[in-house]
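K.L.:
Enclosed is the structure file start24.txt (compact mmCIF, C-alpha atoms).
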```txt
# COMPACT_ATOMS: atom_id res chain seq x y z
CA MET A 21 271.82 100.30 69.47
CA ASN A 22 274.44 102.94 68.87
CA ILE A 23 272.94 103.64 65.49
CA LYS A 24 269.48 104.09 66.97
CA ALA A 25 270.84 106.64 69.40
CA LEU A 26 272.68 108.35 66.59
CA LEU A 27 269.58 108.59 64.45
CA ALA A 28 267.56 109.86 67.37
CA GLY A 29 270.22 112.51 67.80
CA ILE A 30 269.99 113.48 64.16
CA THR A 31 266.26 114.01 64.33
CA CYS A 32 266.59 116.21 67.38
CA PHE A 33 268.81 118.69 65.58
CA GLY A 34 266.61 120.98 63.46
CA VAL A 35 264.09 121.44 66.25
CA ALA A 36 266.10 122.97 69.04
CA GLY A 37 267.41 126.00 67.20
CA LEU A 38 270.98 126.83 66.46
CA ALA A 39 272.51 125.74 69.75
CA ALA A 40 271.90 122.08 68.92
CA HIS A 41 274.95 121.67 66.72
CA ALA A 42 278.48 121.77 68.03
CA GLY A 43 280.23 125.07 67.49
CA GLN A 44 277.19 127.27 67.28
CA ASP A 45 277.71 128.92 70.62
CA ALA A 46 281.26 129.68 69.54
CA LYS A 47 282.53 133.25 69.35
CA LEU A 48 284.37 134.37 66.26
CA SER A 49 287.18 136.24 67.92
CA ILE A 50 290.21 137.16 65.81
CA ASP A 51 293.12 139.00 67.43
CA GLY A 52 290.92 139.91 70.35
CA GLU A 53 288.22 141.42 68.15
CA VAL A 54 284.82 139.68 68.31
CA LEU A 55 283.00 139.61 64.98
CA THR A 56 279.22 139.74 64.79
CA THR A 57 278.01 136.35 63.50
CA GLN A 58 274.36 136.68 64.47
CA ALA A 59 271.93 139.58 64.20
CA ALA A 60 268.25 140.39 63.97
CA ALA A 61 267.09 140.00 60.37
CA PRO A 62 266.63 143.30 58.54
CA ALA A 63 263.01 144.31 57.87
CA HIS A 64 263.34 143.56 54.15
CA THR A 65 264.13 139.90 54.91
CA GLU A 66 260.57 138.98 55.82
CA ASN A 67 260.94 135.24 56.29
CA LEU A 68 263.79 135.19 58.79
CA ASP A 69 263.92 136.42 62.38
CA GLU A 70 267.63 136.02 62.89
CA ILE A 71 270.51 135.97 60.45
CA TYR A 72 273.60 133.85 61.00
CA SER A 73 277.05 133.74 59.48
CA GLY A 74 277.94 130.53 57.65
CA TRP A 75 280.84 130.21 60.11
CA LEU A 76 278.41 129.11 62.85
CA PHE A 77 277.39 126.06 60.81
CA ARG A 78 280.87 124.68 60.32
CA SER A 79 282.60 122.08 62.47
CA GLY A 80 284.84 123.10 65.35
CA GLU A 81 287.98 122.27 63.36
CA THR A 82 286.92 124.34 60.37
CA GLN A 83 285.87 127.21 62.64
CA ALA A 84 289.24 127.17 64.38
CA LEU A 85 291.08 127.85 61.12
CA GLN A 86 289.44 131.25 60.96
CA LEU A 87 290.35 132.29 64.50
CA ASP A 88 293.97 133.04 63.75
CA ASP A 89 295.25 134.63 60.55
CA PHE A 90 298.37 132.44 60.70
CA ASP A 91 296.19 129.32 60.58
CA ASN A 92 293.80 130.74 57.97
CA PRO A 93 294.95 129.35 54.60
CA GLY A 94 293.18 132.24 52.85
CA PHE A 95 295.98 134.56 53.97
CA VAL A 96 298.47 132.85 51.65
CA PHE A 97 296.49 134.40 48.83
CA VAL A 98 296.11 137.74 50.58
CA ASP A 99 299.92 137.84 50.85
CA GLN A 100 300.26 137.12 47.13
CA ALA A 101 297.82 139.95 46.44
CA ILE A 102 299.96 142.33 48.53
CA ASP A 103 302.79 141.68 46.06
CA GLU A 104 300.47 142.04 43.10
CA TYR A 105 299.19 145.34 44.51
CA SER A 106 302.45 147.14 43.87
CA LYS A 107 303.38 145.32 40.68
CA VAL A 108 303.37 147.51 37.56
CA ASP A 109 301.23 146.07 34.78
CA GLY A 110 299.84 147.44 31.50
CA SER A 111 300.60 150.24 29.05
CA ALA A 112 300.28 153.09 31.57
CA GLY A 113 303.17 151.76 33.64
CA LYS A 114 301.15 151.75 36.84
CA SER A 115 300.31 149.46 39.72
CA CYS A 116 297.35 149.62 42.12
CA ALA A 117 299.65 151.35 44.58
CA SER A 118 300.37 154.15 42.08
CA CYS A 119 296.85 155.46 42.64
CA HIS A 120 295.92 153.94 46.03
CA GLU A 121 299.05 154.26 48.13
CA ASN A 122 297.65 152.59 51.25
CA VAL A 123 295.46 149.57 50.79
CA GLU A 124 294.04 150.31 54.27
CA ASP A 125 292.18 153.23 52.72
CA PHE A 126 289.78 150.68 51.26
CA ALA A 127 288.33 150.08 54.72
CA GLY A 128 284.57 150.49 54.46
CA LEU A 129 284.25 149.51 50.81
CA ARG A 130 283.48 145.75 51.06
CA PRO A 131 280.25 146.04 53.09
CA THR A 132 278.70 148.49 50.58
CA LEU A 133 279.15 146.37 47.44
CA PRO A 134 277.65 145.76 44.99
CA ARG A 135 276.43 149.30 44.33
CA VAL A 136 274.97 151.25 41.44
CA GLU A 137 277.24 153.44 39.31
CA GLY A 138 275.55 155.24 36.45
CA ALA A 139 273.02 152.76 35.10
CA GLU A 140 274.98 149.69 36.19
CA LEU A 141 275.29 147.52 39.22
CA VAL A 142 278.98 147.00 39.99
CA SER A 143 280.68 144.41 42.16
CA MET A 144 284.20 144.67 43.55
CA GLU A 145 285.50 142.61 40.63
CA ASP A 146 284.15 145.27 38.24
CA LEU A 147 285.86 148.07 40.17
CA ILE A 148 289.17 146.21 40.07
CA ASN A 149 288.95 145.37 36.39
CA ASN A 150 287.88 148.90 35.61
CA CYS A 151 291.11 150.17 37.17
CA ARG A 152 293.08 147.60 35.24
CA THR A 153 291.63 148.35 31.82
CA GLU A 154 290.87 152.10 32.11
CA ARG A 155 293.68 153.39 34.31
CA MET A 156 296.49 150.86 33.94
CA GLY A 157 296.00 149.83 30.34
CA ALA A 158 296.20 146.20 31.51
CA GLU A 159 294.21 143.09 30.70
CA PRO A 160 291.13 142.45 32.88
CA TRP A 161 291.40 139.54 35.27
CA LYS A 162 289.09 136.52 35.08
CA TRP A 163 286.12 136.98 37.42
CA SER A 164 286.95 134.02 39.64
CA GLY A 165 290.62 133.59 38.76
CA GLY A 166 293.36 133.44 41.39
CA LYS A 167 294.59 137.02 40.94
CA MET A 168 291.07 138.41 41.21
CA THR A 169 290.01 136.42 44.28
CA GLY A 170 293.32 137.29 45.97
CA MET A 171 292.80 141.00 45.32
CA THR A 172 289.15 140.99 46.42
CA ALA A 173 290.32 139.26 49.61
CA LEU A 174 293.05 141.85 50.23
CA ILE A 175 290.67 144.77 49.70
CA GLY A 176 287.88 142.99 51.57
CA VAL A 177 289.92 142.20 54.67
CA GLN A 178 290.47 145.93 55.21
CA SER A 179 286.78 145.99 56.22
CA ARG A 180 286.87 142.93 58.43
CA GLY A 181 284.51 143.35 61.37
CA LEU A 182 282.45 146.12 59.76
CA PRO A 183 278.73 145.43 59.34
CA MET A 184 277.37 144.51 55.93
CA SER A 185 275.30 147.39 54.62
CA VAL A 186 274.36 147.67 50.95
CA ALA A 187 272.00 150.31 49.53
CA ILE A 188 268.82 148.75 48.18
CA ASP A 189 266.67 151.81 47.54
CA GLY A 190 266.69 154.41 44.76
CA ALA A 191 268.66 153.32 41.72
CA ALA A 192 269.49 150.00 43.40
CA ALA A 193 265.85 149.01 43.87
CA PRO A 194 265.21 147.41 40.46
CA PHE A 195 268.40 145.33 40.77
CA TRP A 196 267.42 144.27 44.27
CA GLU A 197 263.95 143.24 43.07
CA LYS A 198 265.48 141.20 40.30
CA GLY A 199 267.86 139.51 42.73
CA LYS A 200 264.99 138.70 45.05
CA GLU A 201 263.05 137.14 42.22
CA LEU A 202 266.03 134.95 41.33
CA TYR A 203 266.46 133.95 44.97
CA TYR A 204 262.94 132.56 45.15
CA LYS A 205 262.77 131.11 41.62
CA ARG A 206 262.88 127.34 41.31
CA VAL A 207 265.40 126.20 38.73
CA GLY A 208 267.06 123.08 37.40
CA GLN A 209 266.04 119.46 37.18
CA LEU A 210 265.80 119.29 40.98
CA ASP A 211 263.46 122.29 40.73
CA MET A 212 264.70 124.17 43.79
CA SER A 213 265.24 127.80 44.72
CA CYS A 214 267.99 129.23 46.90
CA SER A 215 265.32 129.81 49.53
CA ASN A 216 264.31 126.12 49.59
CA CYS A 217 267.66 125.25 51.12
CA HIS A 218 268.99 128.44 52.72
CA GLU A 219 265.78 129.90 54.11
CA ASP A 220 263.35 126.99 54.61
CA ASN A 221 265.89 124.38 55.70
CA TYR A 222 268.96 126.06 57.17
CA ASN A 223 270.38 124.35 60.24
CA LYS A 224 269.40 120.94 58.88
CA MET A 225 271.66 118.30 57.42
CA ILE A 226 271.37 117.63 53.70
CA ARG A 227 273.30 114.39 53.51
CA ALA A 228 276.77 115.31 54.84
CA ASP A 229 276.29 119.09 54.63
CA HIS A 230 274.98 121.29 57.41
CA LEU A 231 272.87 123.90 55.63
CA SER A 232 273.62 127.52 56.46
CA GLN A 233 271.67 130.58 55.36
CA GLY A 234 274.01 130.96 52.37
CA GLN A 235 275.24 134.39 53.51
CA ILE A 236 278.07 136.11 51.63
CA ASN A 237 279.71 138.18 54.37
CA GLY A 238 282.75 135.87 54.36
CA PHE A 239 283.67 136.05 50.67
CA PRO A 240 285.92 135.35 48.99
CA THR A 241 286.01 132.22 51.05
CA TYR A 242 288.80 129.65 51.37
CA ARG A 243 287.30 126.20 50.89
CA LEU A 244 289.03 123.09 52.18
CA LYS A 245 287.32 121.26 49.34
CA ASN A 246 289.31 122.98 46.59
CA ALA A 247 292.11 124.63 48.60
CA LYS A 248 291.70 128.10 47.11
CA LEU A 249 289.73 131.30 47.47
CA ASN A 250 286.26 131.14 45.94
CA SER A 251 284.33 134.11 44.60
CA ILE A 252 280.70 134.80 45.39
CA HIS A 253 279.62 134.10 41.81
CA ALA A 254 281.56 130.83 41.71
CA ARG A 255 279.65 129.69 44.80
CA PHE A 256 276.33 130.66 43.22
CA LYS A 257 277.37 128.70 40.15
CA GLY A 258 278.24 125.65 42.25
CA CYS A 259 274.89 125.66 44.02
CA MET A 260 273.05 125.97 40.70
CA LYS A 261 274.96 123.06 39.21
CA ASN A 262 274.19 120.96 42.27
CA ILE A 263 270.49 121.34 41.56
CA ARG A 264 271.22 120.63 37.90
CA ALA A 265 270.43 124.16 36.79
CA GLN A 266 272.30 125.92 33.99
CA PRO A 267 274.23 128.60 35.92
CA PHE A 268 274.18 132.25 34.95
CA LYS A 269 277.38 133.84 33.76
CA GLU A 270 279.90 134.95 36.39
CA GLY A 271 279.96 138.74 36.37
CA GLY A 272 276.63 138.91 34.53
CA ASP A 273 273.61 140.98 35.55
CA GLU A 274 271.74 138.05 37.08
CA PHE A 275 274.49 137.07 39.50
CA LYS A 276 275.26 140.70 40.37
CA SER A 277 271.59 141.30 41.20
CA LEU A 278 271.50 138.09 43.24
CA GLU A 279 274.69 139.23 45.00
CA LEU A 280 273.06 142.54 45.92
CA TYR A 281 269.95 140.83 47.23
CA ILE A 282 271.88 138.28 49.29
CA ALA A 283 274.25 140.98 50.60
CA SER A 284 271.17 142.86 51.82
CA ARG A 285 270.02 139.78 53.73
CA ALA A 286 273.32 139.89 55.66
CA GLU A 287 272.80 143.46 56.87
CA GLY A 288 274.51 143.77 60.26
CA LEU A 289 276.70 140.64 60.02
CA ALA A 290 280.42 141.38 60.15
CA VAL A 291 282.59 141.14 57.05
CA GLU A 292 284.70 137.99 57.63
CA THR A 293 286.80 138.07 54.50
CA PRO A 294 288.65 135.76 53.92
CA SER A 295 286.54 133.18 55.69
CA VAL A 296 287.20 129.44 55.87
CA ARG A 297 284.58 126.87 54.88
CA ASN A 298 284.56 123.22 53.92
CA MET B 3 250.79 69.60 30.84
CA LYS B 4 249.08 72.11 33.03
CA ILE B 5 252.40 73.21 34.40
CA PHE B 6 253.87 73.42 30.97
CA SER B 7 251.14 75.69 29.67
CA LEU B 8 251.40 77.85 32.75
CA ILE B 9 255.07 78.32 32.08
CA THR B 10 254.33 79.18 28.49
CA VAL B 11 251.78 81.75 29.54
CA ALA B 12 254.24 83.23 32.03
CA ALA B 13 256.97 83.35 29.42
CA VAL B 14 254.71 85.07 26.92
CA PHE B 15 253.59 87.52 29.58
CA CYS B 16 257.13 88.34 30.61
CA ALA B 17 258.28 88.71 27.04
CA SER B 18 255.48 91.12 26.22
CA GLY B 19 256.08 92.94 29.54
CA ALA B 20 259.72 93.41 28.71
CA LYS B 21 258.94 94.70 25.26
CA ALA B 22 256.21 97.13 26.32
CA GLU B 23 257.23 100.78 26.40
CA PRO B 24 257.18 102.35 29.87
CA VAL B 25 254.50 104.94 30.50
CA ALA B 26 255.85 108.30 29.31
CA PRO B 27 256.27 110.94 32.04
CA SER B 28 253.56 113.12 30.51
CA ASP B 29 251.13 110.18 30.37
CA VAL B 30 251.27 109.25 34.05
CA LYS B 31 247.73 109.43 35.48
CA PHE B 32 247.26 110.93 38.94
CA GLU B 33 244.00 110.27 40.77
CA ASP B 34 243.49 111.55 44.30
CA GLY B 35 247.21 111.69 44.99
CA ALA B 36 247.85 108.21 43.65
CA VAL B 37 249.22 106.57 40.51
CA VAL B 38 247.68 103.12 40.27
CA GLN B 39 249.26 101.84 37.09
CA SER B 40 252.84 100.54 37.20
CA LEU B 41 255.13 102.59 34.97
CA THR B 42 256.63 99.48 33.37
CA GLY B 43 254.43 96.48 34.16
CA ILE B 44 257.50 94.87 35.70
CA VAL B 45 257.47 94.46 39.47
CA GLY B 46 260.30 96.49 40.99
CA ASP B 47 263.35 94.92 42.59
CA PRO B 48 263.71 96.11 46.20
CA ALA B 49 267.46 95.45 46.24
CA GLU B 50 267.92 97.75 43.23
CA GLY B 51 265.54 100.21 44.86
CA ARG B 52 267.72 100.33 47.95
CA GLU B 53 270.63 101.38 45.72
CA VAL B 54 268.43 104.03 44.10
CA PHE B 55 267.55 105.35 47.55
CA LYS B 56 271.12 105.93 48.64
CA GLY B 57 272.92 106.49 45.33
CA ARG B 58 274.04 110.10 45.11
CA LYS B 59 273.69 110.05 41.33
CA LEU B 60 270.40 108.11 41.47
CA GLY B 61 267.57 109.09 43.81
CA ASN B 62 269.84 110.44 46.55
CA CYS B 63 266.78 110.15 48.77
CA LEU B 64 269.10 109.74 51.75
CA ALA B 65 270.19 113.37 51.25
CA CYS B 66 266.87 114.39 52.78
CA HIS B 67 265.45 111.36 54.61
CA VAL B 68 266.85 109.61 57.68
CA ASN B 69 266.59 105.88 56.93
CA ALA B 70 266.99 103.51 59.88
CA ASP B 71 267.29 100.61 57.42
CA MET B 72 270.69 101.94 56.26
CA PRO B 73 272.83 102.23 59.39
CA GLU B 74 275.89 101.47 57.26
CA GLU B 75 275.56 104.87 55.57
CA SER B 76 277.11 107.61 57.70
CA PHE B 77 275.21 110.66 56.50
CA HIS B 78 271.42 110.87 56.60
CA GLY B 79 269.70 114.15 55.71
CA GLU B 80 266.98 115.80 57.77
CA VAL B 81 265.15 117.92 55.23
CA GLY B 82 262.26 115.46 54.83
CA PRO B 83 260.51 113.12 57.28
CA GLU B 84 262.17 109.90 58.48
CA ILE B 85 261.41 107.14 56.00
CA ALA B 86 261.06 104.28 58.53
CA GLY B 87 257.60 102.73 58.44
CA VAL B 88 256.62 104.61 55.30
CA ALA B 89 254.77 101.61 53.84
CA SER B 90 252.43 101.60 56.82
CA ARG B 91 251.48 105.21 56.09
CA TRP B 92 251.10 105.09 52.31
CA GLU B 93 249.71 102.64 49.76
CA GLU B 94 251.81 101.53 46.79
CA ALA B 95 249.91 103.82 44.40
CA GLN B 96 250.45 106.80 46.70
CA LEU B 97 254.15 106.05 47.00
CA ARG B 98 254.33 105.96 43.21
CA ALA B 99 252.70 109.39 43.02
CA ILE B 100 255.08 110.82 45.63
CA VAL B 101 258.16 109.58 43.80
CA VAL B 102 256.95 110.41 40.28
CA ASN B 103 255.88 113.96 41.13
CA SER B 104 255.80 114.84 44.81
CA LYS B 105 254.22 118.22 44.04
CA MET B 106 251.00 116.41 43.10
CA VAL B 107 250.82 115.19 46.71
CA PHE B 108 252.63 117.84 48.78
CA GLU B 109 252.05 121.35 47.54
CA ASP B 110 255.23 123.44 47.19
CA THR B 111 257.44 120.68 48.53
CA ILE B 112 261.22 120.87 48.16
CA MET B 113 261.25 117.18 47.16
CA PRO B 114 262.21 116.77 43.50
CA SER B 115 259.96 115.02 40.98
CA PHE B 116 261.79 111.91 39.91
CA TYR B 117 259.79 111.04 36.80
CA ARG B 118 259.06 114.34 35.09
CA ASP B 119 260.90 115.45 31.98
CA ALA B 120 259.40 118.82 31.12
CA GLY B 121 258.46 122.16 32.63
CA TYR B 122 261.83 122.87 34.24
CA THR B 123 263.50 126.30 34.19
CA ARG B 124 267.16 126.35 33.06
CA PRO B 125 267.88 122.62 33.31
CA LEU B 126 271.64 122.01 33.26
CA GLU B 127 273.10 121.20 29.87
CA GLY B 128 272.82 117.46 29.36
CA PHE B 129 269.72 117.15 31.55
CA GLU B 130 267.20 118.83 29.25
CA GLY B 131 264.14 116.69 28.60
CA MET B 132 265.37 114.02 31.01
CA THR B 133 263.80 112.45 34.07
CA ILE B 134 265.94 111.99 37.20
CA LEU B 135 265.12 108.27 37.41
CA THR B 136 264.06 105.80 34.75
CA ALA B 137 260.60 104.25 34.95
CA GLN B 138 262.08 100.99 36.21
CA GLN B 139 264.18 102.75 38.85
CA VAL B 140 260.97 104.37 40.11
CA GLU B 141 259.30 100.94 40.32
CA ASP B 142 262.40 99.57 42.07
CA VAL B 143 262.44 102.29 44.71
CA ILE B 144 258.69 101.86 45.30
CA SER B 145 259.22 98.13 45.87
CA TYR B 146 261.98 98.99 48.30
CA LEU B 147 259.81 101.52 50.18
CA GLN B 148 257.13 98.84 50.53
CA THR B 149 259.54 96.77 52.61
CA LEU B 150 259.68 99.60 55.19
CA LYS B 151 256.75 98.73 57.45
CA GLU B 152 256.13 99.80 61.04
CA ASP B 153 257.12 96.91 63.33
```
Let me see the file written as structure tokens.

P.N.:
Amino acid sequence: MNIKALLAGITCFGVAGLAAHAGQDAKLSIDGEVLTTQAAAPAHTENLDEIYSGWLFRSGETQALQLDDFDNPGFVFVDQAIDEYSKVDGSAGKSCASCHENVEDFAGLRPTLPRVEGAELVSMEDLINNCRTERMGAEPWKWSGGKMTGMTALIGVQSRGLPMSVAIDGAAAPFWEKGKELYYKRVGQLDMSCSNCHEDNYNKMIRADHLSQGQINGFPTYRLKNAKLNSIHARFKGCMKNIRAQPFKEGGDEFKSLELYIASRAEGLAVETPSVRN
Amino acid sequence: MKIFSLITVAAVFCASGAKAEPVAPSDVKFEDGAVVQSLTGIVGDPAEGREVFKGRKLGNCLACHVNADMPEESFHGEVGPEIAGVASRWEEAQLRAIVVNSKMVFEDTIMPSFYRDAGYTRPLEGFEGMTILTAQQVEDVISYLQTLKED
């Protein structure tokens, strides 16, 4: 009897739009500032009418962890990055702070990345490692290692609340096209594309997971599952492995192009870095 | 006497059935959205098939299909249609086609092909040239699905 009712409830979900699941009417308000978690889809995202932050798809308990920076476990790593920021490293005897005195000056950077520099598409991780190797004479950090995700969170949080807005025209266009192609390409033994789950089936349950649109406005994201900050490329890698596809290399051209394309699909959603997910 | 010879015949049949190679994935014949021939010649075991249906490392069908026959499982996916009563909607041969290669029945479906070993892009290391289920697991899950009739 109970089970029947439960199953009936489950089938109702997908139909009624986002309001059907608990927590989706919730407002993401941090320190009195309300962040934009829903917006009209940009014109270049033809198959969606509305775009939604992944936060809306999480349970009430998970959502709550993002409402207060003292409860948000991601801030432990932001704090570590604050220390790292002024730590001298490498042959030039410099720290980040030697060149960028106030980390607040990075406000506005997160929503515009990745972007084209010269002939290359660069993500925030590239910018950070470029400073380390070229200006500090230090070793580059691992793309998804703890120091890197902490630093991308620290720099990213300076833009919290600002709308995502990457350039996709001009020199960025070929990268964007490539990213789009990857987004719709079926891969792996399960033969699925990102769009199969995050465009065609968002707001439905896939076993125990409530599918979101797979937006990246909250990255790096603290996951309860592994209790650390997770980079964008590490998440891409995880989704590819789940469909039994050989992932692309973190920091490689494929994932950077995919990052640009997916960032463009989030145009108008607020930067939530560091977000909390399960 | 009669009974004895019957048993002998059955034994011979079973023995040869067990020895026969399953139909290779590339040799499966689709006709009008159906696969008539059993992949193994051995009737599937519905109890095993039930395990295949819910096993996350097997069919993981439950990831996408609500199944009223499995109230003991707490998470049922909603990506595909509810599976209840499926045997009243599809014949055995159609069910075999859907499980072997759903794309032969539903164009552009998200549902994976469970008995196809080639034509994939970037299969994960260790899964190259492999099917998701074995031929017998496919027969088992089909036998299980056939127990799901409309009441």

K.L.:
Have a look at atom CA of Thr136 of chain B and atom CA of Tyr204 of chain A and let me know their distance in Å, one decimal.

P.N.:
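If I compute the distance from atom CA of Thr136 of chain B to atom CA of Tyr204 of chain A, I get 28.7 Å.
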
K.L.:
Which residue out of A:Ser213, A:Ser143, A:Thr172, A:Gln233 has the minimum interatomic distance to chain B when all atoms listed in the file are used?

P.N.:
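Nearest to chain B: A:Ser213.
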
K.L.:
Of the candidates A:His253, A:Asp220, A:Lys269, A:Pro294, which shows the shortest atom-to-atom distance to chain B, using all atoms listed in the file?

P.N.:
A:Asp220

K.L.:
Could you tell me which residues of chain B sit within 12 Å of chain A when counting only C-alpha atoms, and give me the result as a PyMOL selection string?

P.N.:
chain B and resi 56-59+61-86+103-105+110-135

K.L.:
To one decimal place, how far is atom CA of Lys114 of chain A from atom CA of Ala127 of chain A in Å?

P.N.:
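Here the two named atoms are 22.1 Å from each other.
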
K.L.:
What is the atom CA of Gly157 of chain A-atom CA of Gly113 of chain A distance in Å, reported with one decimal?

P.N.:
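Atom-to-atom, atom CA of Gly157 of chain A and atom CA of Gly113 of chain A are spaced 8.1 Å apart.
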
K.L.:
Looking at all atoms listed in the file, which of B:Glu109, B:Asp47, B:Glu33, B:Glu53 is the one that sits closest to Ser145 of chain B?

P.N.:
B:Asp47

K.L.:
Residues near Glu23 of chain B, anyone? I mean within 12 Å using all atoms listed in the file, not counting same-chain ones fewer than 5 positions away, as a list in words.

P.N.:
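The filter keeps Ser18, Asp29, Ser40, Leu41, Thr42, Gly43, Ile44, Thr136, Ala137 and Gln138 of chain B.
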
K.L.:
Report, as lines of an AutoDock Vina configuration file, the axis-aligned box around all atoms of segment 173-184 of chain A present in the file, extended by 5 Å on each side; give centre and edge lengths in Å to one decimal place.

P.N.:
```
center_x = 285.2
center_y = 142.7
center_z = 55.5
size_x = 25.7
size_y = 16.9
size_z = 21.8
```

K.L.:
Quick one: residues within 12 Å of Glu93 of chain B, only C-alpha atoms counted, chain neighbours fewer than 3 positions away excluded, as number ranges by chain?

P.N.:
B: 35-38, 87-90, 96-100, 144-145, 147-151

K.L.:
Name the residues within 9 Å of (266.6, 140.2, 44.0), counting all atoms listed in the file in the file's coordinates, and put them as a PyMOL selection string.

P.N.:
chain A and resi 193-204+274+277-282

K.L.:
So which one's closest to Asp99 of chain A, A:Gln58, A:Thr169, A:Gln86, A:Ser79? Using only C-alpha atoms, please.

P.N.:
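Comparing A:Gln58, A:Thr169, A:Gln86, A:Ser79 against Asp99 of chain A, the winner is A:Thr169.
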
K.L.:
Give me, as a list of chain:residue names, all polymer residues having an atom no more than 12 Å from Asp125 of chain A, counting all atoms listed in the file and skipping those fewer than 6 positions away in the same chain.

P.N.:
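Counting only the stated atoms, we get A:Ala117, A:Cys119, A:Leu174, A:Ile175, A:Gly176, A:Val177, A:Gln178, A:Ser179.
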
K.L.:
Write a file of the selected residues as a PDB file, keeping the file's coordinate frame, keeping C-alpha atoms.

P.N.:
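The file below, again.pdb, is the result:
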```
ATOM      1  CA  ALA A 117     299.650 151.350  44.580  1.00  0.00           C
ATOM      2  CA  CYS A 119     296.850 155.460  42.640  1.00  0.00           C
ATOM      3  CA  LEU A 174     293.050 141.850  50.230  1.00  0.00           C
ATOM      4  CA  ILE A 175     290.670 144.770  49.700  1.00  0.00           C
ATOM      5  CA  GLY A 176     287.880 142.990  51.570  1.00  0.00           C
ATOM      6  CA  VAL A 177     289.920 142.200  54.670  1.00  0.00           C
ATOM      7  CA  GLN A 178     290.470 145.930  55.210  1.00  0.00           C
ATOM      8  CA  SER A 179     286.780 145.990  56.220  1.00  0.00           C
TER       9      SER A 179
END
```
